[in-house]
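Reading through the structure tokens given below for one structure.
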Amino acid sequence: MQDAITPPFNRDTRENCINTQDQDIYDVAIIGGGITGAGVANILSENGVKVILLERNDFASGTSSGSSKLIHGGLRYLAEFRFREVKTLLRERDYLARNTNIVKYMNFRILIDPYSWKKRTMRAGLFIYNILSKRISVPRMSKNNGEYGKEVAGYFTYRDAFSDDCRLTIYNIVSSVIHGAKCLNYCEVLNATPTENLIELRVMDRVKNREFNVKARICINAAGPWSGQVYRNLENGNNVNLRLSKGIHIVVPHEKAPTTDAIVFRSHLDRRQMFIIPRGEVTIIGTTDNFVDDPNDFNISEIDVDYIIQSARRIYKDLEKNDISYSFAGIRPLYGNGDNPGSISRGLTVKYDKYFINIFGGKLTDYRSAARKVAKIYEKLSGRKINIKNMPVIDYERPDLNGERLYRYEMEHECAIFSEDIIRRREAFDVYRVDRGASEIDVINRMMRDENSH
Ligand SMILES: Cc1cc2nc3c(=O)[nH]c(=O)nc-3n(C[C@H](O)[C@H](O)[C@H](O)COP(=O)(O)OP(=O)(O)OC[C@H]3O[C@@H](n4cnc5c(N)ncnc54)[C@H](O)[C@@H]3O)c2cc1C
């Protein structure tokens, strides 16, 4: 992180920006304020490109708050010989763990049991995984000394990393603002019409229920699971081969599923890989992988919850539905064909023409490599030289504050507009606190009421 002064980024700067849209023409307008849009905004604004990012809800309110929050190389992709992809993911993981304070390494135990890879295959897989991340070590299996059920012979320990998906997104958003980008939450793009050498976007300000226009030379569709809908809208009704898959997680108090290392295992129900991830006072367990048609389908069904509980009971035999403090869903945008979601690549596809760059798929872990890819396409379309080496960099870090001073800071410098923006995303109390932030909610509501009455 470089030293940078964090400018005001709040309700007033948002309002001013909307009110002066008539006078501005942007080089690039980005639709979507998840990790993909935020990463692209960051790399382009670092290069002096005049960027506006439009997000119809709050930043990170889509898939970028519903992930497993892991920054990982994708060990299981080795079974499909996707070495290059794993190498890229590991490189990105290591960059983020070494250069930011919001991505941290964590030990993972992968269980060896009748549902897992065989011990020998696992050892070979982890050996390759270590080599691809430039670590030479021969993986050894530790015996199960009664920590797990009898069918577990033992486990291998390897290293990956975790983060907070919302915070990673918001850090990239604020970093873009520091580099000169305009980022507007609660602004939905209704349509985008190319006119002579410009695109005119019709935008709805969902705070004040009013419409305004934005003019840009190039428009980037980074709408995650909604990118198919946005593509149809931008490209005259053309369809794209985007499938959607929902994944849910449950959150339980740490003492109900205690572990110091994360645990990776396969469900005995269908042999899908699952994670048990300790995060302070809670443990997150997930996930599912089922096709859905609607990108707004965040419903959490009893069937999905039962599946996770039953799978995890192999490790925590007393785990019950009543133990769940929170559950959340995310929708994966998957580009390609396949009979089941697991068989469709999690990789990134970019389609573009003179006016529009459309991004489909991708992962949290490699958002920087996605941003570099899109930046190179922008270079080609605009004829402007874009530097991508070691970029994008996160030039923002939240200061060490707590209570009212922290929430005030998030309103002033991270553009939290509603209480929920703090509770569910900037702090994510629902996920990380067993009481889901009960003691803080009144304070935050009062602060927001005071702010809005001015
Ligand atoms: C269950 C699950 C677990 C996962 N776990 C991991 C993991 O551990 N590690 C990892 O690397 N990856 C993981 N992923 C993948 C990762 O979460 C996603 O690849 C990533 O979050 C997608 O980000 P995005 O910005 O493309 O989409 P989103 O975060 O969904 O952002 C798109 C944004 O576009 C906005 N938008 C849509 N339409 C409009 C419009 N018309 N105008 C303005 N804005 C609009 C939406 O509101 C949304 O905020 C997981 C995914 C799922 C579903």
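Letters A, B, ... go to the chains of the structure tokens in the order shown; residues in each chain start at 1; ligands are counted from 1 in the same order.
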
Counting only C-alpha atoms, what is within 8 Å of Asn358 (chain A), bar same-chain residues fewer than 6 positions away, as a PyMOL selection string?
chain A and resi 220-222+227+231+350-352

Sort by chain and increasing residue number a table of all residues of chain A within 6 Å of ligand 1, each with its closest pair of atoms and their distance in Å to one decimal, counting only C-alpha atoms and all ligand atoms, and write it as JSON lines.
```
{"residue": "A:Ile31", "atom": "CA", "partner": "ligand 1", "partner_atom_place_in_ligand_line": "43 (C)", "distance": 4.9}
{"residue": "A:Gly32", "atom": "CA", "partner": "ligand 1", "partner_atom_place_in_ligand_line": "34 (O)", "distance": 3.3}
{"residue": "A:Gly33", "atom": "CA", "partner": "ligand 1", "partner_atom_place_in_ligand_line": "33 (C)", "distance": 5.0}
{"residue": "A:Gly34", "atom": "CA", "partner": "ligand 1", "partner_atom_place_in_ligand_line": "25 (O)", "distance": 3.3}
{"residue": "A:Ile35", "atom": "CA", "partner": "ligand 1", "partner_atom_place_in_ligand_line": "25 (O)", "distance": 4.1}
{"residue": "A:Thr36", "atom": "CA", "partner": "ligand 1", "partner_atom_place_in_ligand_line": "25 (O)", "distance": 3.8}
{"residue": "A:Gly37", "atom": "CA", "partner": "ligand 1", "partner_atom_place_in_ligand_line": "25 (O)", "distance": 5.5}
{"residue": "A:Leu54", "atom": "CA", "partner": "ligand 1", "partner_atom_place_in_ligand_line": "43 (C)", "distance": 5.2}
{"residue": "A:Glu55", "atom": "CA", "partner": "ligand 1", "partner_atom_place_in_ligand_line": "44 (N)", "distance": 3.8}
{"residue": "A:Arg56", "atom": "CA", "partner": "ligand 1", "partner_atom_place_in_ligand_line": "43 (C)", "distance": 4.0}
{"residue": "A:Asn57", "atom": "CA", "partner": "ligand 1", "partner_atom_place_in_ligand_line": "47 (O)", "distance": 5.2}
{"residue": "A:Phe59", "atom": "CA", "partner": "ligand 1", "partner_atom_place_in_ligand_line": "49 (O)", "distance": 5.9}
{"residue": "A:Ala60", "atom": "CA", "partner": "ligand 1", "partner_atom_place_in_ligand_line": "49 (O)", "distance": 5.2}
{"residue": "A:Ser61", "atom": "CA", "partner": "ligand 1", "partner_atom_place_in_ligand_line": "49 (O)", "distance": 4.7}
{"residue": "A:Gly62", "atom": "CA", "partner": "ligand 1", "partner_atom_place_in_ligand_line": "30 (O)", "distance": 3.7}
{"residue": "A:Thr63", "atom": "CA", "partner": "ligand 1", "partner_atom_place_in_ligand_line": "30 (O)", "distance": 3.7}
{"residue": "A:Ser64", "atom": "CA", "partner": "ligand 1", "partner_atom_place_in_ligand_line": "21 (O)", "distance": 3.5}
{"residue": "A:Gly66", "atom": "CA", "partner": "ligand 1", "partner_atom_place_in_ligand_line": "2 (C)", "distance": 5.9}
{"residue": "A:Ser67", "atom": "CA", "partner": "ligand 1", "partner_atom_place_in_ligand_line": "3 (C)", "distance": 3.5}
{"residue": "A:Ser68", "atom": "CA", "partner": "ligand 1", "partner_atom_place_in_ligand_line": "8 (O)", "distance": 3.8}
{"residue": "A:Lys69", "atom": "CA", "partner": "ligand 1", "partner_atom_place_in_ligand_line": "8 (O)", "distance": 4.4}
{"residue": "A:Leu70", "atom": "CA", "partner": "ligand 1", "partner_atom_place_in_ligand_line": "8 (O)", "distance": 3.6}
{"residue": "A:Ile71", "atom": "CA", "partner": "ligand 1", "partner_atom_place_in_ligand_line": "9 (N)", "distance": 5.2}
{"residue": "A:Glu188", "atom": "CA", "partner": "ligand 1", "partner_atom_place_in_ligand_line": "42 (N)", "distance": 3.8}
{"residue": "A:Val189", "atom": "CA", "partner": "ligand 1", "partner_atom_place_in_ligand_line": "42 (N)", "distance": 3.9}
{"residue": "A:Leu190", "atom": "CA", "partner": "ligand 1", "partner_atom_place_in_ligand_line": "41 (N)", "distance": 5.8}
{"residue": "A:Ala222", "atom": "CA", "partner": "ligand 1", "partner_atom_place_in_ligand_line": "26 (O)", "distance": 5.8}
{"residue": "A:Ala223", "atom": "CA", "partner": "ligand 1", "partner_atom_place_in_ligand_line": "34 (O)", "distance": 3.5}
{"residue": "A:Gly224", "atom": "CA", "partner": "ligand 1", "partner_atom_place_in_ligand_line": "27 (O)", "distance": 3.4}
{"residue": "A:Pro225", "atom": "CA", "partner": "ligand 1", "partner_atom_place_in_ligand_line": "30 (O)", "distance": 5.6}
{"residue": "A:Trp226", "atom": "CA", "partner": "ligand 1", "partner_atom_place_in_ligand_line": "37 (C)", "distance": 5.0}
{"residue": "A:Lys246", "atom": "CA", "partner": "ligand 1", "partner_atom_place_in_ligand_line": "53 (C)", "distance": 5.7}
{"residue": "A:Gly247", "atom": "CA", "partner": "ligand 1", "partner_atom_place_in_ligand_line": "1 (C)", "distance": 3.6}
{"residue": "A:Ile248", "atom": "CA", "partner": "ligand 1", "partner_atom_place_in_ligand_line": "1 (C)", "distance": 5.5}
{"residue": "A:Thr287", "atom": "CA", "partner": "ligand 1", "partner_atom_place_in_ligand_line": "1 (C)", "distance": 5.9}
{"residue": "A:Gly330", "atom": "CA", "partner": "ligand 1", "partner_atom_place_in_ligand_line": "53 (C)", "distance": 3.9}
{"residue": "A:Ile331", "atom": "CA", "partner": "ligand 1", "partner_atom_place_in_ligand_line": "53 (C)", "distance": 4.1}
{"residue": "A:Arg332", "atom": "CA", "partner": "ligand 1", "partner_atom_place_in_ligand_line": "53 (C)", "distance": 4.1}
{"residue": "A:Gly362", "atom": "CA", "partner": "ligand 1", "partner_atom_place_in_ligand_line": "19 (O)", "distance": 4.6}
{"residue": "A:Lys363", "atom": "CA", "partner": "ligand 1", "partner_atom_place_in_ligand_line": "19 (O)", "distance": 3.4}
{"residue": "A:Leu364", "atom": "CA", "partner": "ligand 1", "partner_atom_place_in_ligand_line": "11 (O)", "distance": 3.5}
{"residue": "A:Thr365", "atom": "CA", "partner": "ligand 1", "partner_atom_place_in_ligand_line": "11 (O)", "distance": 3.7}
```

For Asp450 (chain A), please output as a ChimeraX atom specification all residues within 12 Å (counting only C-alpha atoms; exclusion window: fewer than 3 positions along the same chain).
/A:408,411,418-419,443-447,453-454

Separating CA of Asn197 (chain A) from CA of Asn233 (chain A), to the nearest tenth of an Å, is a gap of 18.9 Å

Ranking A:Ile18, A:Ile170, A:Val282, A:Ile276 by minimum distance to Ala416 (chain A) and counting only C-alpha atoms, which one comes first?
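Result for the nearest residue to Ala416 (chain A): A:Ile170.
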
Between region 287-382 of chain A and region 172-178 of chain A, at 12 Å or less, what are the per-residue closest atom pairs and their distances in Å? Count only C-alpha atoms, order by chain and rising residue number, and return it as CSV.
```
residue,atom,partner,partner_atom,distance
A:Tyr367,CA,A:Asn172,CA,10.4
A:Arg368,CA,A:Asn172,CA,10.2
A:Ala371,CA,A:Asn172,CA,11.3
```
